[in-house]
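Novice: Below is a structure I'd like to ask you about.
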Amino acid sequence: MGAQWKQKGREESALKRGQLFGKLVKEIQVAAKMGGADPDLNARLFAAIESAKKQSVPRDTIERAVKKGAGLTGETINYESIMYEGFAPHKVPVIVDCLTDNRNRTAPEIRKLFEAGHLGNPGSVGWMFDHVGIVEAHHADKSLDLETVAIEAGAQSVEPVVEEGHLAAHFQCDRTDLDAVSKYLKKTGWTVTTSEMSYVVKNPVELTDAQRAEVAAFLSAIDDHDDVHRVYAGLK
C-alpha cells in the first residue's frame, strides 16, 4: 500500500510539473506573439523565459515556444484572454485570467470550479482591485537603495523580497510604465523575473487559519486548470 501511495505521489508530481511547463510555454508564446522574438526588446518575453529557466524548462522547449509564438515556424497560435470574476468561500474576491484556444470548453469548466464559491458577472469584483504593472527582479549589488532605484525606474512603489545571495525586490508601477520600468531595470544590471499586468486588492479580507485553508484549496483547484493563466485573490 505504501509503495502504491508513493508511486501515486510521483505521478501527481509529474502531472503538476507538466501543467506548470505548459503554462510557462504558453506565456512565452503569447509574449513572443505580442512583442516579438527578441527578449532584449521584449520585457514580457524576457521575464517569461527567466521564469521558465527557473523551473528547469528545457532550453529547446523554450526556443521552440519563442519561434512558434513569433510566427517563425509557420504555425499559428490563437489564444484568447478571458477574465472571470467572482468570490471564493468566505466572500474573498477573485479574478481569474484565462488563456484559451476554445472558449466553449473553458467557460463551463471554470463555472464548475466556482461552484464552491460564486461566479459573478464581468465587473462584479474588478472594482475591488487596482490594475497595475508588477516587476520582480534581483541584483547582485546588495548595497543599492531600493527607493532610489524605484524613482529612477519610474515605479510607484517597491518592496524588498527575501532571497539569499542577492538583492531582490517587487516593483509596482502604472500599467503604461510597465515596459519602461522593466527595460530600465534590465539595463542597469537587474535580472527581471516577472513583468506583467496584475490586480492588487484594495481591501484584503482577513480570515482564520481554517478559513484560509478552505480558500487555498478552492484557489488551488482553479489554478490547476490548464487554461488558467493567473489567479488574483483578495487575501491579506
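Convention: chains lettered A, B, ... in C-alpha cells order; per-chain residue numbering from 1; ligands numbered from 1 as shown.
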Considering only C-alpha atoms, return as an NGL selection string whatever protein or nucleic-acid residues lie within 12 Å of Gln172 (chain A), sequence-local ones (same chain, fewer than 2 positions apart) excluded.
Specialist: :A and (130-137 or 147 or 150-151 or 153-160 or 169-170 or 174-179 or 181-182 or 194-200)
Novice: Using only C-alpha atoms, which protein or nucleic acid residues come within 9 Å of Ser56 (chain A)? Drop anything in the same chain fewer than 4 positions from it, and give the result as a PyMOL selection string.
Specialist: chain A and resi 21+51-52
Novice: Put those residues in a file: all heavy atoms, as a PDB file, in the first residue's frame.
Specialist:
ATOM      1  N   PHE A  21       4.835  23.447 -16.814  1.00  0.00           N
ATOM      2  CA  PHE A  21       5.588  23.636 -18.059  1.00  0.00           C
ATOM      3  C   PHE A  21       4.675  24.172 -19.157  1.00  0.00           C
ATOM      4  O   PHE A  21       5.037  25.074 -19.911  1.00  0.00           O
ATOM      5  CB  PHE A  21       6.226  22.315 -18.507  1.00  0.00           C
ATOM      6  CG  PHE A  21       7.542  22.016 -17.850  1.00  0.00           C
ATOM      7  CD1 PHE A  21       7.869  22.563 -16.617  1.00  0.00           C
ATOM      8  CD2 PHE A  21       8.445  21.165 -18.453  1.00  0.00           C
ATOM      9  CE1 PHE A  21       9.088  22.277 -16.001  1.00  0.00           C
ATOM     10  CE2 PHE A  21       9.672  20.876 -17.865  1.00  0.00           C
ATOM     11  CZ  PHE A  21       9.989  21.435 -16.628  1.00  0.00           C
ATOM     12  N   SER A  51      11.472  32.947 -16.023  1.00  0.00           N
ATOM     13  CA  SER A  51      10.607  32.100 -15.186  1.00  0.00           C
ATOM     14  C   SER A  51      10.697  30.644 -15.605  1.00  0.00           C
ATOM     15  O   SER A  51      10.740  29.736 -14.767  1.00  0.00           O
ATOM     16  CB  SER A  51       9.156  32.583 -15.271  1.00  0.00           C
ATOM     17  OG  SER A  51       9.018  33.866 -14.718  1.00  0.00           O
ATOM     18  N   ALA A  52      10.726  30.403 -16.920  1.00  0.00           N
ATOM     19  CA  ALA A  52      10.809  29.038 -17.438  1.00  0.00           C
ATOM     20  C   ALA A  52      12.151  28.402 -17.069  1.00  0.00           C
ATOM     21  O   ALA A  52      12.214  27.236 -16.666  1.00  0.00           O
ATOM     22  CB  ALA A  52      10.615  29.036 -18.945  1.00  0.00           C
TER      23      ALA A  52
END
Novice: Would you kindly return, as a ChimeraX atom specification, each protein, DNA or RNA residue with an atom no farther than 12 Å from any atom of Thr61 (chain A), considering only C-alpha atoms and excluding same-chain residues fewer than 2 positions away?
Specialist: /A:21-22,24-26,28-29,49,52-53,56-59,63-68
Novice: Keeping only N, CA and C atoms, write the selected residues to a file as a PDB file, in the first residue's frame.
Specialist:
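Final output, saved to part-v6.pdb:
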ATOM      1  N   PHE A  21       4.835  23.447 -16.814  1.00  0.00           N
ATOM      2  CA  PHE A  21       5.588  23.636 -18.059  1.00  0.00           C
ATOM      3  C   PHE A  21       4.675  24.172 -19.157  1.00  0.00           C
ATOM      4  N   GLY A  22       3.475  23.585 -19.250  1.00  0.00           N
ATOM      5  CA  GLY A  22       2.529  24.004 -20.269  1.00  0.00           C
ATOM      6  C   GLY A  22       2.144  25.467 -20.136  1.00  0.00           C
ATOM      7  N   LEU A  24       3.927  27.850 -18.597  1.00  0.00           N
ATOM      8  CA  LEU A  24       5.103  28.674 -18.863  1.00  0.00           C
ATOM      9  C   LEU A  24       5.352  28.799 -20.365  1.00  0.00           C
ATOM     10  N   VAL A  25       5.183  27.703 -21.076  1.00  0.00           N
ATOM     11  CA  VAL A  25       5.362  27.712 -22.535  1.00  0.00           C
ATOM     12  C   VAL A  25       4.298  28.596 -23.187  1.00  0.00           C
ATOM     13  N   LYS A  26       3.073  28.531 -22.702  1.00  0.00           N
ATOM     14  CA  LYS A  26       2.000  29.353 -23.257  1.00  0.00           C
ATOM     15  C   LYS A  26       2.303  30.840 -23.061  1.00  0.00           C
ATOM     16  N   ILE A  28       5.272  32.203 -22.812  1.00  0.00           N
ATOM     17  CA  ILE A  28       6.359  32.544 -23.740  1.00  0.00           C
ATOM     18  C   ILE A  28       5.796  32.781 -25.141  1.00  0.00           C
ATOM     19  N   GLN A  29       4.913  31.895 -25.579  1.00  0.00           N
ATOM     20  CA  GLN A  29       4.329  32.022 -26.917  1.00  0.00           C
ATOM     21  C   GLN A  29       3.539  33.325 -27.053  1.00  0.00           C
ATOM     22  N   ILE A  49      10.869  33.906 -20.147  1.00  0.00           N
ATOM     23  CA  ILE A  49      11.983  32.973 -20.346  1.00  0.00           C
ATOM     24  C   ILE A  49      12.718  32.739 -19.035  1.00  0.00           C
ATOM     25  N   ALA A  52      10.726  30.403 -16.920  1.00  0.00           N
ATOM     26  CA  ALA A  52      10.809  29.038 -17.438  1.00  0.00           C
ATOM     27  C   ALA A  52      12.151  28.402 -17.069  1.00  0.00           C
ATOM     28  N   LYS A  53      13.218  29.165 -17.182  1.00  0.00           N
ATOM     29  CA  LYS A  53      14.542  28.656 -16.812  1.00  0.00           C
ATOM     30  C   LYS A  53      14.584  28.297 -15.326  1.00  0.00           C
ATOM     31  N   SER A  56      13.331  25.008 -14.685  1.00  0.00           N
ATOM     32  CA  SER A  56      14.060  23.956 -15.413  1.00  0.00           C
ATOM     33  C   SER A  56      13.357  23.480 -16.679  1.00  0.00           C
ATOM     34  N   VAL A  57      12.633  24.379 -17.339  1.00  0.00           N
ATOM     35  CA  VAL A  57      12.074  24.043 -18.650  1.00  0.00           C
ATOM     36  C   VAL A  57      13.247  23.900 -19.623  1.00  0.00           C
ATOM     37  N   PRO A  58      13.319  22.807 -20.391  1.00  0.00           N
ATOM     38  CA  PRO A  58      14.442  22.587 -21.305  1.00  0.00           C
ATOM     39  C   PRO A  58      14.642  23.743 -22.279  1.00  0.00           C
ATOM     40  N   ARG A  59      15.902  24.018 -22.596  1.00  0.00           N
ATOM     41  CA  ARG A  59      16.239  25.132 -23.473  1.00  0.00           C
ATOM     42  C   ARG A  59      15.593  25.010 -24.841  1.00  0.00           C
ATOM     43  N   GLU A  63      13.079  27.641 -26.759  1.00  0.00           N
ATOM     44  CA  GLU A  63      13.380  28.192 -28.087  1.00  0.00           C
ATOM     45  C   GLU A  63      12.243  27.914 -29.074  1.00  0.00           C
ATOM     46  N   ARG A  64      11.668  26.699 -29.013  1.00  0.00           N
ATOM     47  CA  ARG A  64      10.545  26.369 -29.897  1.00  0.00           C
ATOM     48  C   ARG A  64       9.333  27.241 -29.597  1.00  0.00           C
ATOM     49  N   ALA A  65       9.106  27.486 -28.297  1.00  0.00           N
ATOM     50  CA  ALA A  65       7.962  28.307 -27.902  1.00  0.00           C
ATOM     51  C   ALA A  65       8.112  29.738 -28.411  1.00  0.00           C
ATOM     52  N   VAL A  66       9.332  30.280 -28.324  1.00  0.00           N
ATOM     53  CA  VAL A  66       9.585  31.636 -28.810  1.00  0.00           C
ATOM     54  C   VAL A  66       9.329  31.712 -30.313  1.00  0.00           C
ATOM     55  N   LYS A  67       9.877  30.768 -31.049  1.00  0.00           N
ATOM     56  CA  LYS A  67       9.725  30.773 -32.513  1.00  0.00           C
ATOM     57  C   LYS A  67       8.259  30.588 -32.920  1.00  0.00           C
ATOM     58  N   LYS A  68       7.574  29.686 -32.237  1.00  0.00           N
ATOM     59  CA  LYS A  68       6.166  29.443 -32.568  1.00  0.00           C
ATOM     60  C   LYS A  68       5.338  30.687 -32.280  1.00  0.00           C
TER      61      LYS A  68
END
Novice: Between region 81-190 of chain A and region 223-228 of chain A, at 6 Å or less, what are the per-residue closest atom pairs and their distances in Å? Count only C-alpha atoms, order by chain and rising residue number, and return it as JSON lines.
Specialist:
{"residue": "A:Cys98", "atom": "CA", "partner": "A:Val228", "partner_atom": "CA", "distance": 4.3}
{"residue": "A:Leu99", "atom": "CA", "partner": "A:Asp227", "partner_atom": "CA", "distance": 5.5}
{"residue": "A:Thr100", "atom": "CA", "partner": "A:Asp227", "partner_atom": "CA", "distance": 5.5}
Novice: Next, dump the selected residues to file, keeping only N, CA, C and O atoms, as a tab-separated table (two decimals), in the first residue's frame.
Specialist:
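Wrote it out as out.tsv, contents follow:
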chain	number	residue	atom	x	y	z
A	98	CYS	N	-7.70	33.76	-17.91
A	98	CYS	CA	-7.50	32.54	-18.70
A	98	CYS	C	-6.94	32.87	-20.08
A	98	CYS	O	-7.24	33.90	-20.66
A	99	LEU	N	-6.11	31.96	-20.59
A	99	LEU	CA	-5.67	31.99	-21.98
A	99	LEU	C	-6.16	30.69	-22.60
A	99	LEU	O	-5.74	29.61	-22.21
A	100	THR	N	-7.05	30.80	-23.55
A	100	THR	CA	-7.66	29.59	-24.10
A	100	THR	C	-7.78	29.66	-25.62
A	100	THR	O	-7.92	30.74	-26.19
Novice: As an exercise, work out the distance from CA of Val94 (chain A) to CA of Asp209 (chain A) in Å and give it to one decimal place.
Specialist: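 It comes out at 18.6 Å.
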